[in-house]
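Novice: Provided herewith: my_file-v5.txt, compact mmCIF, C-alpha atoms.
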```txt
# COMPACT_ATOMS: atom_id res chain seq x y z
CA MET A 147 130.90 -67.28 150.63
CA ASN A 148 127.47 -68.89 150.41
CA TRP A 149 124.97 -68.77 147.56
CA GLU A 150 121.94 -67.67 149.58
CA GLN A 151 123.73 -64.51 150.66
CA LEU A 152 125.35 -63.98 147.24
CA LEU A 153 121.91 -64.00 145.58
CA SER A 154 120.61 -61.13 147.71
CA LEU A 155 117.65 -59.23 146.27
CA ARG A 156 118.23 -56.29 148.60
CA ARG A 157 118.28 -52.80 147.09
CA HIS A 158 119.51 -49.49 148.46
CA GLY A 159 117.10 -48.15 151.04
CA ASP A 160 115.38 -51.45 151.82
CA THR A 161 114.31 -51.83 155.44
CA ALA A 162 113.20 -55.46 155.18
CA LYS A 163 114.72 -58.52 153.52
CA ARG A 164 113.43 -59.43 150.06
CA LEU A 165 112.77 -63.15 149.79
CA ARG A 166 113.01 -64.94 146.45
CA LYS A 167 110.03 -67.18 147.20
CA GLU A 168 107.84 -64.09 147.66
CA GLN A 169 108.79 -62.55 144.30
CA ASN A 170 106.21 -61.88 141.60
CA GLU A 171 107.08 -64.45 138.94
CA THR A 172 105.88 -62.15 136.15
CA ARG A 173 108.44 -59.45 137.06
CA LEU A 174 111.35 -60.79 139.08
CA GLY A 175 113.74 -58.47 140.86
CA PHE A 176 116.77 -59.54 138.84
CA GLU A 177 114.86 -58.92 135.61
CA VAL A 178 113.96 -55.44 136.91
CA ASP A 179 117.71 -54.80 137.13
CA TYR A 180 118.09 -55.54 133.43
CA ASP A 181 115.20 -53.22 132.55
CA ARG A 182 116.55 -50.34 134.62
CA ILE A 183 119.97 -50.59 132.99
CA ILE A 184 118.71 -50.80 129.42
CA PHE A 185 116.43 -47.76 129.84
CA SER A 186 119.13 -45.63 131.49
CA SER A 187 120.67 -42.70 129.62
CA ALA A 188 124.17 -43.98 130.45
CA PHE A 189 123.45 -47.22 128.63
CA ARG A 190 121.92 -45.48 125.61
CA SER A 191 125.06 -43.38 125.18
CA LEU A 192 126.99 -46.59 124.42
CA GLN A 193 125.44 -46.63 120.93
CA ASP A 194 127.97 -43.96 119.92
CA LYS A 195 131.02 -45.15 121.80
CA THR A 196 133.82 -46.99 120.06
CA GLN A 197 134.26 -50.68 120.83
CA VAL A 198 137.50 -51.19 118.87
CA VAL A 199 137.32 -49.76 115.37
CA PRO A 200 135.88 -46.22 115.11
CA MET A 201 133.07 -45.09 112.83
CA PRO A 202 132.62 -44.39 109.99
CA ILE A 203 134.46 -47.24 108.31
CA SER A 204 135.94 -47.06 104.84
CA ILE A 205 138.63 -49.68 104.60
CA GLY A 206 139.09 -52.51 102.14
CA SER A 207 135.49 -53.72 102.31
CA ASN A 208 132.00 -52.75 101.30
CA LYS A 209 130.63 -53.93 104.67
CA ASP A 210 130.25 -50.85 106.84
CA PHE A 211 128.88 -52.39 110.06
CA VAL A 212 131.09 -52.27 113.11
CA HIS A 213 130.31 -53.02 116.73
CA THR A 214 129.81 -50.16 119.18
CA ARG A 215 129.90 -50.43 122.96
CA LEU A 216 126.13 -50.84 122.87
CA THR A 217 125.95 -53.75 120.42
CA HIS A 218 128.92 -55.34 122.17
CA SER A 219 127.17 -55.00 125.56
CA LEU A 220 123.95 -56.52 124.23
CA GLU A 221 125.85 -59.49 122.83
CA VAL A 222 127.83 -59.96 126.04
CA SER A 223 124.53 -59.92 127.94
CA VAL A 224 123.06 -62.64 125.73
CA VAL A 225 126.14 -64.84 126.17
CA GLY A 226 126.15 -64.08 129.91
CA ARG A 227 122.52 -65.15 130.23
CA SER A 228 123.35 -68.54 128.70
CA LEU A 229 126.39 -68.95 130.95
CA GLY A 230 124.34 -68.09 134.03
CA ARG A 231 121.45 -70.40 133.20
CA ILE A 232 123.65 -73.40 132.44
CA ALA A 233 125.78 -72.84 135.53
CA GLY A 234 122.64 -72.16 137.61
CA GLN A 235 121.18 -75.55 136.74
CA GLN A 236 124.25 -77.28 138.08
CA ILE A 237 124.49 -75.10 141.20
CA LEU A 238 120.86 -75.85 142.09
CA THR A 239 121.53 -79.57 141.60
CA LYS A 240 124.46 -79.32 144.02
CA TYR A 241 122.57 -77.15 146.53
CA PRO A 242 118.92 -78.27 146.22
CA SER A 243 117.78 -76.21 149.24
CA LEU A 244 118.30 -73.03 147.20
CA ALA A 245 115.35 -74.11 145.07
CA ALA A 246 113.32 -76.15 147.54
CA MET A 247 113.47 -73.77 150.50
CA ASP A 248 114.45 -70.37 149.09
CA GLY A 249 112.67 -70.57 145.73
CA TYR A 250 115.63 -69.79 143.44
CA HIS A 251 115.42 -70.88 139.80
CA PHE A 252 118.21 -71.42 137.29
CA ASN A 253 116.87 -68.44 135.33
CA ASP A 254 117.78 -66.23 138.31
CA PHE A 255 121.46 -66.93 137.72
CA GLY A 256 121.02 -66.10 134.05
CA ALA A 257 119.18 -62.86 134.86
CA ILE A 258 121.88 -61.68 137.30
CA VAL A 259 124.72 -62.40 134.88
CA ALA A 260 122.79 -60.89 131.95
CA ALA A 261 122.13 -57.64 133.85
CA ALA A 262 125.69 -57.31 135.13
CA ALA A 263 127.04 -58.11 131.66
CA LEU A 264 124.71 -55.54 130.08
CA ALA A 265 126.26 -52.87 132.34
CA HIS A 266 129.86 -54.06 132.20
CA ASP A 267 131.03 -51.22 129.89
CA ILE A 268 128.61 -48.54 131.07
CA GLY A 269 131.36 -46.46 132.71
CA ASN A 270 133.84 -46.54 129.84
CA PRO A 271 134.88 -43.17 128.34
CA PRO A 272 134.67 -42.34 124.62
CA PHE A 273 137.35 -43.46 122.12
CA GLY A 274 137.78 -46.99 123.40
CA HIS A 275 140.21 -48.05 126.11
CA SER A 276 142.48 -45.11 125.30
CA GLY A 277 139.83 -42.88 126.90
CA GLU A 278 140.67 -44.21 130.36
CA LYS A 279 144.37 -43.72 129.74
CA ALA A 280 143.80 -40.19 128.44
CA ILE A 281 141.98 -39.14 131.63
CA GLY A 282 144.67 -40.70 133.81
CA ASN A 283 147.44 -39.15 131.74
CA TYR A 284 145.95 -35.66 132.16
CA PHE A 285 146.26 -35.91 135.94
CA LYS A 286 149.58 -37.79 136.00
CA ASN A 287 151.61 -36.14 133.24
CA GLY A 288 149.43 -33.27 132.01
CA THR A 289 148.49 -29.97 133.59
CA GLY A 290 146.13 -31.79 135.96
CA ALA A 291 149.18 -33.01 137.90
CA LYS A 292 149.17 -29.64 139.72
CA TYR A 293 146.22 -30.83 141.82
CA GLU A 294 148.14 -33.69 143.46
CA ALA A 295 149.05 -31.64 146.53
CA GLU A 296 145.36 -30.91 147.22
CA LEU A 297 144.30 -34.56 147.22
CA SER A 298 144.83 -37.56 149.44
CA THR A 299 147.02 -40.33 148.06
CA GLU A 300 143.95 -42.49 147.42
CA GLU A 301 142.02 -39.68 145.73
CA TYR A 302 144.92 -38.87 143.42
CA GLN A 303 145.30 -42.55 142.54
CA ASP A 304 141.60 -42.67 141.54
CA LEU A 305 142.32 -39.97 138.97
CA ILE A 306 145.69 -41.04 137.54
CA ASP A 307 144.40 -44.60 137.11
CA PHE A 308 140.87 -43.57 136.08
CA GLU A 309 138.97 -46.82 135.72
CA GLY A 310 135.82 -47.49 133.69
CA ASN A 311 134.74 -50.24 136.09
CA ALA A 312 134.81 -47.82 139.05
CA ASN A 313 132.98 -45.19 137.00
CA GLY A 314 130.38 -47.82 136.11
CA PHE A 315 129.77 -48.56 139.78
CA LYS A 316 129.42 -44.81 140.40
CA LEU A 317 126.90 -44.45 137.56
CA LEU A 318 124.81 -47.38 138.76
CA THR A 319 124.74 -46.41 142.43
CA GLU A 320 125.25 -42.64 142.80
CA SER A 321 122.44 -40.81 144.58
CA ARG A 322 121.08 -37.58 143.10
CA SER A 323 118.41 -35.22 144.31
CA GLY A 324 115.23 -37.26 144.47
CA VAL A 325 117.03 -40.38 143.16
CA PRO A 326 118.59 -42.18 146.15
CA GLY A 327 120.81 -45.13 145.29
CA GLY A 328 121.02 -44.43 141.56
CA LEU A 329 119.34 -47.22 139.58
CA ARG A 330 118.70 -49.14 142.82
CA LEU A 331 119.86 -52.47 141.44
CA SER A 332 119.81 -55.63 143.53
CA TYR A 333 122.99 -56.19 145.49
CA ALA A 334 123.44 -59.56 143.76
CA THR A 335 123.64 -57.82 140.38
CA LEU A 336 125.94 -55.11 141.74
CA GLY A 337 128.15 -57.83 143.22
CA ALA A 338 128.36 -59.68 139.91
CA PHE A 339 129.16 -56.37 138.19
CA MET A 340 132.13 -55.65 140.51
CA LYS A 341 134.91 -57.18 138.43
CA TYR A 342 137.70 -55.80 140.62
CA PRO A 343 136.29 -55.43 144.16
CA LYS A 344 138.97 -53.16 145.57
CA ALA A 345 140.05 -49.54 145.89
CA SER A 346 142.69 -47.95 143.66
CA LEU A 347 145.30 -48.51 146.39
CA PRO A 348 147.18 -50.67 147.02
CA LYS A 349 147.82 -51.12 143.32
CA LYS A 350 148.03 -54.75 142.18
CA PRO A 351 148.83 -56.14 145.66
CA SER A 352 148.79 -59.69 144.28
CA LYS A 353 148.55 -61.66 141.03
CA HIS A 354 144.95 -62.67 141.83
CA ILE A 355 142.66 -61.50 139.04
CA ALA A 356 140.51 -59.59 141.55
CA ASP A 357 143.52 -57.32 142.18
CA LYS A 358 144.30 -56.56 138.53
CA LYS A 359 142.51 -53.18 138.52
CA PHE A 360 140.08 -51.45 140.87
CA GLY A 361 136.32 -51.21 141.10
CA TYR A 362 135.28 -48.16 143.12
CA PHE A 363 136.33 -44.57 143.68
CA GLN A 364 136.79 -43.16 147.18
CA SER A 365 133.52 -41.29 146.72
CA GLU A 366 131.62 -44.63 146.55
CA LYS A 367 133.56 -46.46 149.28
CA GLY A 368 130.66 -46.49 151.75
CA PHE A 369 128.14 -47.92 149.28
CA PHE A 370 130.66 -50.43 147.99
CA MET A 371 131.35 -51.71 151.50
CA GLU A 372 127.61 -51.98 152.16
CA VAL A 373 127.14 -54.17 149.08
CA ALA A 374 130.22 -56.31 149.80
CA ASN A 375 129.11 -56.96 153.37
CA GLU A 376 125.48 -57.66 152.44
CA ILE A 377 126.37 -60.34 149.89
CA GLY A 378 129.17 -61.76 152.02
CA LEU A 379 132.23 -61.21 149.85
CA LEU A 380 135.39 -62.57 151.45
CA PRO A 381 138.02 -59.99 152.49
CA ASN A 382 141.16 -60.28 150.39
CA PRO A 383 144.13 -60.95 152.71
CA HIS A 384 146.41 -59.12 150.26
CA ASN A 385 144.29 -56.02 150.85
CA PRO A 386 142.08 -56.75 153.89
CA LYS A 387 140.82 -53.19 154.54
CA THR A 388 139.56 -52.16 151.13
CA GLY A 389 139.61 -55.28 148.93
CA PHE A 390 137.56 -58.46 148.53
CA PHE A 391 137.48 -61.61 146.48
CA ARG A 392 135.00 -61.67 143.62
CA HIS A 393 131.33 -62.60 143.60
CA PRO A 394 131.39 -66.02 141.86
CA LEU A 395 129.04 -64.88 139.08
CA THR A 396 131.57 -62.17 138.16
CA TYR A 397 133.65 -64.92 136.59
CA LEU A 398 130.74 -65.67 134.24
CA VAL A 399 130.29 -61.97 133.40
CA GLU A 400 133.99 -61.79 132.58
CA ALA A 401 133.81 -64.97 130.50
CA ALA A 402 130.93 -63.54 128.46
CA ASP A 403 132.99 -60.42 127.74
CA ASP A 404 136.10 -62.46 126.92
CA ILE A 405 134.16 -64.70 124.54
CA CYS A 406 132.57 -61.79 122.71
CA TYR A 407 135.61 -59.62 122.26
CA THR A 408 137.72 -62.63 121.24
CA ILE A 409 135.29 -63.91 118.60
CA ILE A 410 133.23 -60.89 117.56
CA ASP A 411 136.06 -58.33 117.45
CA PHE A 412 137.82 -60.89 115.27
CA GLU A 413 134.74 -61.13 113.05
CA ASP A 414 134.68 -57.32 112.74
CA GLY A 415 138.30 -57.41 111.63
CA ILE A 416 137.46 -59.98 108.96
CA ASN A 417 134.42 -58.06 107.70
CA LEU A 418 136.43 -54.82 107.51
CA GLY A 419 139.27 -56.37 105.56
CA LEU A 420 141.79 -55.99 108.38
CA VAL A 421 142.20 -59.77 108.70
CA PRO A 422 142.35 -61.91 105.50
CA GLU A 423 139.20 -64.02 105.40
CA GLU A 424 140.67 -67.38 104.45
CA TYR A 425 143.47 -66.93 106.95
CA ALA A 426 141.00 -66.06 109.70
CA LEU A 427 138.65 -68.96 109.01
CA GLU A 428 141.50 -71.35 109.76
CA TYR A 429 141.89 -69.84 113.22
CA LEU A 430 138.20 -70.33 113.95
CA ILE A 431 138.22 -73.87 112.56
CA ASN A 432 141.12 -74.71 114.91
CA LEU A 433 138.90 -73.63 117.80
CA VAL A 434 135.77 -75.57 116.81
CA LYS A 435 137.21 -78.55 114.93
CA ALA A 436 135.98 -80.99 117.60
CA ASN A 437 132.39 -79.78 117.16
CA ILE A 438 132.14 -78.74 113.53
CA ASN A 439 129.66 -80.43 111.19
CA THR A 440 131.94 -80.77 108.19
CA LYS A 441 129.16 -81.74 105.78
CA LYS A 442 127.08 -78.71 106.77
CA TYR A 443 130.07 -76.39 106.61
CA ASN A 444 131.23 -77.58 103.18
CA ALA A 445 127.70 -77.17 101.81
CA MET A 446 127.90 -73.42 102.44
CA THR A 447 129.08 -71.58 99.34
CA ASN A 448 128.77 -68.06 100.76
CA SER A 449 131.80 -67.02 102.83
CA SER A 450 129.69 -64.84 105.14
CA ASP A 451 127.50 -67.86 105.93
CA ARG A 452 130.60 -69.87 106.76
CA LEU A 453 131.87 -67.11 109.01
CA SER A 454 128.50 -66.81 110.80
CA TYR A 455 128.40 -70.56 111.34
CA LEU A 456 131.91 -70.68 112.75
CA ARG A 457 131.25 -67.65 114.96
CA ALA A 458 128.12 -69.20 116.47
CA LEU A 459 129.87 -72.54 116.95
CA ALA A 460 132.90 -70.86 118.54
CA ILE A 461 130.75 -68.92 121.01
CA ASN A 462 128.78 -72.03 121.95
CA THR A 463 132.00 -74.04 122.36
CA LEU A 464 133.54 -71.44 124.66
CA ILE A 465 130.31 -71.06 126.67
CA GLN A 466 130.26 -74.75 127.50
CA ASP A 467 133.98 -74.79 128.27
CA ALA A 468 133.69 -71.79 130.59
CA VAL A 469 130.78 -73.37 132.48
CA ASP A 470 132.73 -76.61 132.85
CA VAL A 471 135.68 -74.73 134.39
CA PHE A 472 133.31 -72.74 136.63
CA VAL A 473 131.50 -75.82 137.98
CA GLN A 474 134.73 -77.78 138.46
CA ASN A 475 136.21 -74.92 140.48
CA GLU A 476 133.04 -73.67 142.21
CA GLU A 477 134.26 -74.49 145.72
CA LYS A 478 137.62 -72.80 145.12
CA ILE A 479 135.79 -69.75 143.74
CA LEU A 480 133.62 -69.55 146.87
CA LYS A 481 136.79 -69.58 148.98
CA GLY A 482 138.52 -66.91 146.85
CA GLU A 483 141.15 -69.41 145.76
CA PHE A 484 140.51 -69.28 142.00
CA ASP A 485 142.85 -66.53 140.83
CA THR A 486 142.44 -66.33 137.06
CA SER A 487 139.76 -66.04 134.38
CA LEU A 488 137.71 -69.05 133.29
CA LEU A 489 139.00 -68.96 129.72
CA ASP A 490 142.59 -68.99 130.95
CA LYS A 491 141.88 -72.39 132.52
CA GLY A 492 139.83 -73.73 129.62
CA LYS A 493 140.90 -76.40 127.17
CA TYR A 494 140.80 -73.89 124.30
CA GLN A 495 143.21 -71.41 125.88
CA ALA A 496 145.85 -71.83 123.16
CA GLN A 497 143.37 -71.27 120.32
CA VAL A 498 141.91 -68.21 122.05
CA GLU A 499 145.39 -66.75 122.56
CA ASP A 500 146.18 -67.27 118.86
CA ILE A 501 143.04 -65.35 117.84
CA ILE A 502 143.77 -62.54 120.29
CA ALA A 503 147.38 -62.26 119.11
CA LEU A 504 146.22 -61.91 115.50
CA SER A 505 143.57 -59.36 116.55
CA VAL A 506 146.18 -57.28 118.36
CA GLU A 507 148.42 -57.27 115.31
CA ARG A 508 145.81 -56.69 112.61
CA ILE A 509 142.94 -54.87 114.37
CA TYR A 510 143.89 -53.21 117.67
CA GLN A 511 147.08 -51.76 116.16
CA SER A 512 145.56 -50.78 112.81
CA ASN A 513 145.96 -47.20 111.57
CA GLU A 514 142.29 -46.36 112.12
CA VAL A 515 142.40 -47.49 115.74
CA VAL A 516 145.68 -45.67 116.45
CA ASP A 517 144.41 -42.47 114.80
CA LYS A 518 141.24 -42.64 116.90
CA GLU A 519 143.24 -43.06 120.09
CA LEU A 520 145.52 -40.13 119.25
CA ALA A 521 142.55 -37.87 118.58
CA GLY A 522 140.89 -39.09 121.78
CA TYR A 523 143.90 -38.18 123.90
CA ARG A 524 143.87 -34.59 122.62
CA ILE A 525 140.11 -34.11 122.87
CA ILE A 526 139.79 -35.55 126.38
CA SER A 527 142.81 -33.62 127.68
CA ASP A 528 141.51 -30.34 126.28
CA LEU A 529 138.02 -30.82 127.71
CA LEU A 530 139.37 -31.71 131.14
CA GLU A 531 141.65 -28.69 131.17
CA MET A 532 138.91 -26.25 130.21
CA TYR A 533 136.25 -27.54 132.59
CA THR A 534 138.42 -28.28 135.62
CA SER A 535 140.14 -24.89 135.37
CA ALA A 536 136.80 -23.09 135.21
CA LEU A 537 135.37 -24.96 138.19
CA ILE A 538 138.48 -24.61 140.34
CA ASN A 539 138.66 -20.89 139.51
CA ALA A 540 135.02 -20.59 140.61
CA LYS A 541 135.77 -22.47 143.83
CA GLN A 542 138.61 -20.03 144.56
CA GLY A 543 136.51 -16.98 143.65
CA ASN A 544 138.64 -16.22 140.58
CA ALA A 545 136.22 -17.15 137.79
CA ASN A 546 136.13 -14.85 134.82
CA ASN A 547 133.26 -14.52 132.35
CA TYR A 548 134.64 -17.31 130.13
CA ASP A 549 134.83 -19.65 133.14
CA ARG A 550 131.22 -18.87 134.04
CA LEU A 551 130.09 -19.56 130.47
CA LEU A 552 131.95 -22.86 130.47
CA ILE A 553 130.35 -23.91 133.74
CA LYS A 554 126.92 -22.95 132.43
CA SER A 555 127.47 -25.22 129.42
CA LEU A 556 127.82 -28.24 131.74
CA PRO A 557 124.81 -30.33 132.74
CA GLU A 558 123.46 -28.98 136.03
CA MET A 559 124.64 -31.92 138.13
CA TYR A 560 128.28 -31.16 137.20
CA ARG A 561 128.26 -27.41 137.89
CA ASN A 562 128.88 -27.47 141.64
CA SER A 563 132.12 -25.63 142.50
CA GLU A 564 131.31 -25.37 146.21
CA THR A 565 132.60 -28.84 147.04
CA SER A 566 135.97 -30.55 147.50
CA VAL A 567 138.68 -30.36 144.87
CA TYR A 568 138.53 -34.15 144.61
CA LYS A 569 134.80 -34.17 143.87
CA ILE A 570 135.19 -31.40 141.28
CA LEU A 571 137.96 -33.27 139.47
CA LEU A 572 136.31 -36.68 139.70
CA ASP A 573 132.88 -35.41 138.65
CA THR A 574 134.37 -33.55 135.69
CA SER A 575 136.27 -36.69 134.66
CA CYS A 576 133.04 -38.68 134.93
CA PHE A 577 131.22 -36.08 132.81
CA VAL A 578 133.86 -36.36 130.08
CA ALA A 579 133.71 -40.15 130.39
CA SER A 580 129.93 -40.03 129.91
CA LEU A 581 130.22 -38.39 126.51
CA SER A 582 129.76 -40.37 123.34
CA ASP A 583 132.50 -40.18 120.72
CA SER A 584 130.60 -37.72 118.53
CA ALA A 585 129.46 -35.60 121.50
CA ALA A 586 133.06 -35.27 122.69
CA VAL A 587 134.17 -34.24 119.21
CA HIS A 588 131.26 -31.80 118.86
CA ILE A 589 131.86 -30.11 122.24
CA HIS A 590 135.60 -29.93 121.60
CA ASP A 591 135.06 -28.35 118.18
CA LYS A 592 132.63 -25.84 119.66
CA LEU A 593 134.82 -24.85 122.60
CA THR A 594 137.96 -24.55 120.48
CA GLY A 595 136.19 -22.39 117.88
CA ARG A 596 136.14 -24.91 115.09
CA LYS A 597 132.33 -24.80 115.09
CA VAL A 598 130.07 -21.93 116.07
```
Would it be possible to restate this file's structure as structure tokens?
Specialist:
Amino acid sequence: MNWEQLLSLRRHGDTAKRLRKEQNETRLGFEVDYDRIIFSSAFRSLQDKTQVVPMPISIGSNKDFVHTRLTHSLEVSVVGRSLGRIAGQQILTKYPSLAAMDGYHFNDFGAIVAAAALAHDIGNPPFGHSGEKAIGNYFKNGTGAKYEAELSTEEYQDLIDFEGNANGFKLLTESRSGVPGGLRLSYATLGAFMKYPKASLPKKPSKHIADKKFGYFQSEKGFFMEVANEIGLLPNPHNPKTGFFRHPLTYLVEAADDICYTIIDFEDGINLGLVPEEYALEYLINLVKANINTKKYNAMTNSSDRLSYLRALAINTLIQDAVDVFVQNEEKILKGEFDTSLLDKGKYQAQVEDIIALSVERIYQSNEVVDKELAGYRIISDLLEMYTSALINAKQGNANNYDRLLIKSLPEMYRNSETSVYKILLDTSCFVASLSDSAAVHIHDKLTGRKV
């Protein structure tokens, strides 16, 4: 892979190449990507989607703030921007022609990573990560399994392993009437967004991190291939027909996410009383002890000030470590030979793993999180059953009045029953995935008669 191709400013529908040196410096193409994402309805819905702990909170603390998918995404974007800018400076030093001849600036790297990081959770269903599992479970073990015979193997795999990353790519790129190419983001940003650049099959063909999950549904295969070929992603020999190695900047997007959920989810757990404060501060001190200003830290008498200081220091420490690993392995990354995350190769791996282990025990497995996931399974399964049954009945000419009312309650773009079974099932799954937590609860209550 080469950086000039990887930094492509091309957008869907372009007939001529966009050159960086011809860009308007007051509104650069990569910054336009960020703006289009943040003003999209899909991004706004993240304000009411669970990150880890559901809302409202009433547990062992008088602090009621908790991160949502939206606040998490904004923070990941900020960290990603720093990662991209710092790494960009070193890449431009190594490849001076990118700046001298092509006009690229280190801020371009920051803008690409920031935009991709902003969108990294845009396709995630309500109720946290259990939402993905609930959709997959409906088609694998629930009543949705009856549709397997009507789908190709690849189409069925898309559904039983429903993936937020693939749904995110669909949301960002799907054409609608009068809106070709979705948000029409630059292919560089789309490339950095594609965390797992492969189809749902073959499943985990190797231990390379690019093969861990999948990044596009069969319905977006053509567009995905267009992006991958335009930016010059390397075909993955473990899956040469439908899989590729990552865009290098994807590693920085992933690092930004890893840093935020490691440190900030942990901070949420402390603020909510799920993790004892004094116990937790020791874990953070172990991470930053080489960089901590002991005099400054000891002068702080307020525990929240100490926590904020340690959080900021921890994020900064991990940013610099991730960039160091990225730059040291840049050539291997360009060849597709770097097969793990940046933090897994960092010098703070042990401390990060300790924090994550404590978070799993005290936060991710807490009663509130488990209760939310259980409720999410039931709500998502019920909604899928009602809507898919109504649409399939309409496709077969067997719709009754209740089915027609259900279909009418859907947004217009999801009402089409005169299409393939796969598209009906996938689009309905994507509709359910688009719902915020409270919208899913509200619709479920209404359709099950709990609210009129």
Novice: Just checking: using all atoms listed in the file, which residue out of A:Leu297, A:Val198, A:Ala280, A:Ala356 ends up closest to Ile479 of chain A?
Specialist: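 Answer, going by the shortest atom-to-atom distance: A:Ala356.
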Novice: Taking all atoms listed in the file into account, which of A:Ile258, A:Leu572, A:Leu220, A:Ala246 comes nearest Asp403 of chain A?
Specialist: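 Checking each of A:Ile258, A:Leu572, A:Leu220, A:Ala246 against Asp403 of chain A, counting all atoms listed in the file, the winner is A:Leu220.
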Novice: Write out as a list of chain:residue names each polymer residue whose atoms come within 9 Å of Leu398 of chain A, counting only C-alpha atoms; drop sequence neighbours fewer than 5 positions from it.
Specialist: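 My reading of the contact set: A:Gly226, A:Leu229, A:Gly230, A:Ala233, A:Val259, A:Ala263, A:Ala338, A:Asp403, A:Ala468, A:Val469, A:Phe472, A:Leu488.
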Novice: For the selection just defined, write its residues with C-alpha atoms to a file, as a short mmCIF file (atom, residue, chain, number, x, y, z; two decimals), in the coordinates of the input.
Specialist:
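Okay, this is what ended up in again.cif:
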```
data_model
loop_
_atom_site.label_atom_id
_atom_site.label_comp_id
_atom_site.auth_asym_id
_atom_site.auth_seq_id
_atom_site.Cartn_x
_atom_site.Cartn_y
_atom_site.Cartn_z
CA GLY A 226 126.15 -64.08 129.91
CA LEU A 229 126.39 -68.95 130.95
CA GLY A 230 124.34 -68.09 134.03
CA ALA A 233 125.78 -72.84 135.53
CA VAL A 259 124.72 -62.40 134.88
CA ALA A 263 127.04 -58.11 131.66
CA ALA A 338 128.36 -59.68 139.91
CA ASP A 403 132.99 -60.42 127.74
CA ALA A 468 133.69 -71.79 130.59
CA VAL A 469 130.78 -73.37 132.48
CA PHE A 472 133.31 -72.74 136.63
CA LEU A 488 137.71 -69.05 133.29
#
```
Novice: Would you pick out the contacts of Cys406 of chain A at 8 Å or less, using only C-alpha atoms, so that residues sharing its chain but fewer than 4 positions from it are not included, and give the list as a list in words?
Specialist: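 These residues fall inside the cut-off: His218, Glu221, Val222, Val225, Ala402, Ile410, Asp411 and Ile461 of chain A.
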Novice: Taking (129.2, -59.4, 137.7) in the file's own coordinates, collect the residues within 10 Å, counting all atoms listed in the file, and hand them back as a PyMOL selection string.
Specialist: chain A and resi 226+258-266+334-342+392-400
Novice: Which distance in Å separates atom CA of Leu489 of chain A and atom CA of Thr408 of chain A, to one decimal?
Specialist: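 Value for the atom CA of Leu489 of chain A-atom CA of Thr408 of chain A distance: 10.7 Å.
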Novice: Restricting the calculation to only C-alpha atoms, which member of A:Asn270, A:Ser332, A:Thr534, A:Ser365 is positioned closest to Asp179 of chain A?
Specialist: A:Ser332
Novice: As AutoDock Vina command-line options, please report the centre and edge lengths, rounded to one decimal in Å, of the axis-aligned box that holds all listed atoms of segment 185-192 of chain A with 4 Å of padding on each of the six sides.
Specialist:
```
--center_x 121.7 --center_y -45.2 --center_z 128.0 --size_x 18.6 --size_y 13.1 --size_z 15.1
```
Novice: Between atom CA of Gly327 of chain A and atom CA of Arg182 of chain A, what distance in Å does the model show, to one decimal?
Specialist: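 A separation of 12.6 Å between them.
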Novice: Please, which residues are within 8 Å of (124.6, -43.5, 127.5) by the file's coordinates, counting only C-alpha atoms, and could they come as a ChimeraX atom specification?
Specialist: /A:186-193,268,580-582
Novice: So that I can see what lies close to Ser323 of chain A, please list as number ranges by chain the residues with an atom at most 12 Å from it, counting only C-alpha atoms and leaving out residues fewer than 4 positions away in the same chain.
Specialist: A: 327-328, 558-559
Novice: Rank A:Pro422, A:Gly492, A:Gly543, A:Gly159 by their smallest atom-to-atom distance to Glu564 of chain A, using only C-alpha atoms, and report the top residue only.
Specialist: A:Gly543
Novice: Which residue, A:Gly282, A:Gly389, A:Gly290, A:Pro557, has the smallest gap to Asn375 of chain A when you use all atoms listed in the file?
Specialist: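 Ranked by minimum distance to Asn375 of chain A, first place goes to A:Gly389.
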Novice: Produce segment 223-230 of chain A of the given structure as output with N, CA and C atoms, as a tab-separated table (two decimals), in the first residue's frame.
Specialist:
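After the write, result03.tsv holds the following:
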```
chain	number	residue	atom	x	y	z
A	223	SER	N	-13.25	10.53	18.85
A	223	SER	CA	-12.85	11.39	17.74
A	223	SER	C	-11.75	12.36	18.15
A	224	VAL	N	-11.87	12.93	19.33
A	224	VAL	CA	-10.86	13.87	19.81
A	224	VAL	C	-9.51	13.16	19.99
A	225	VAL	N	-9.54	11.98	20.60
A	225	VAL	CA	-8.31	11.21	20.78
A	225	VAL	C	-7.76	10.79	19.42
A	226	GLY	N	-8.65	10.39	18.51
A	226	GLY	CA	-8.21	9.99	17.17
A	226	GLY	C	-7.54	11.13	16.41
A	227	ARG	N	-8.08	12.33	16.56
A	227	ARG	CA	-7.48	13.49	15.90
A	227	ARG	C	-6.04	13.69	16.37
A	228	SER	N	-5.81	13.57	17.68
A	228	SER	CA	-4.45	13.72	18.20
A	228	SER	C	-3.54	12.62	17.67
A	229	LEU	N	-4.03	11.38	17.68
A	229	LEU	CA	-3.24	10.27	17.16
A	229	LEU	C	-2.86	10.50	15.70
A	230	GLY	N	-3.85	10.94	14.90
A	230	GLY	CA	-3.59	11.15	13.48
A	230	GLY	C	-2.61	12.27	13.23
```
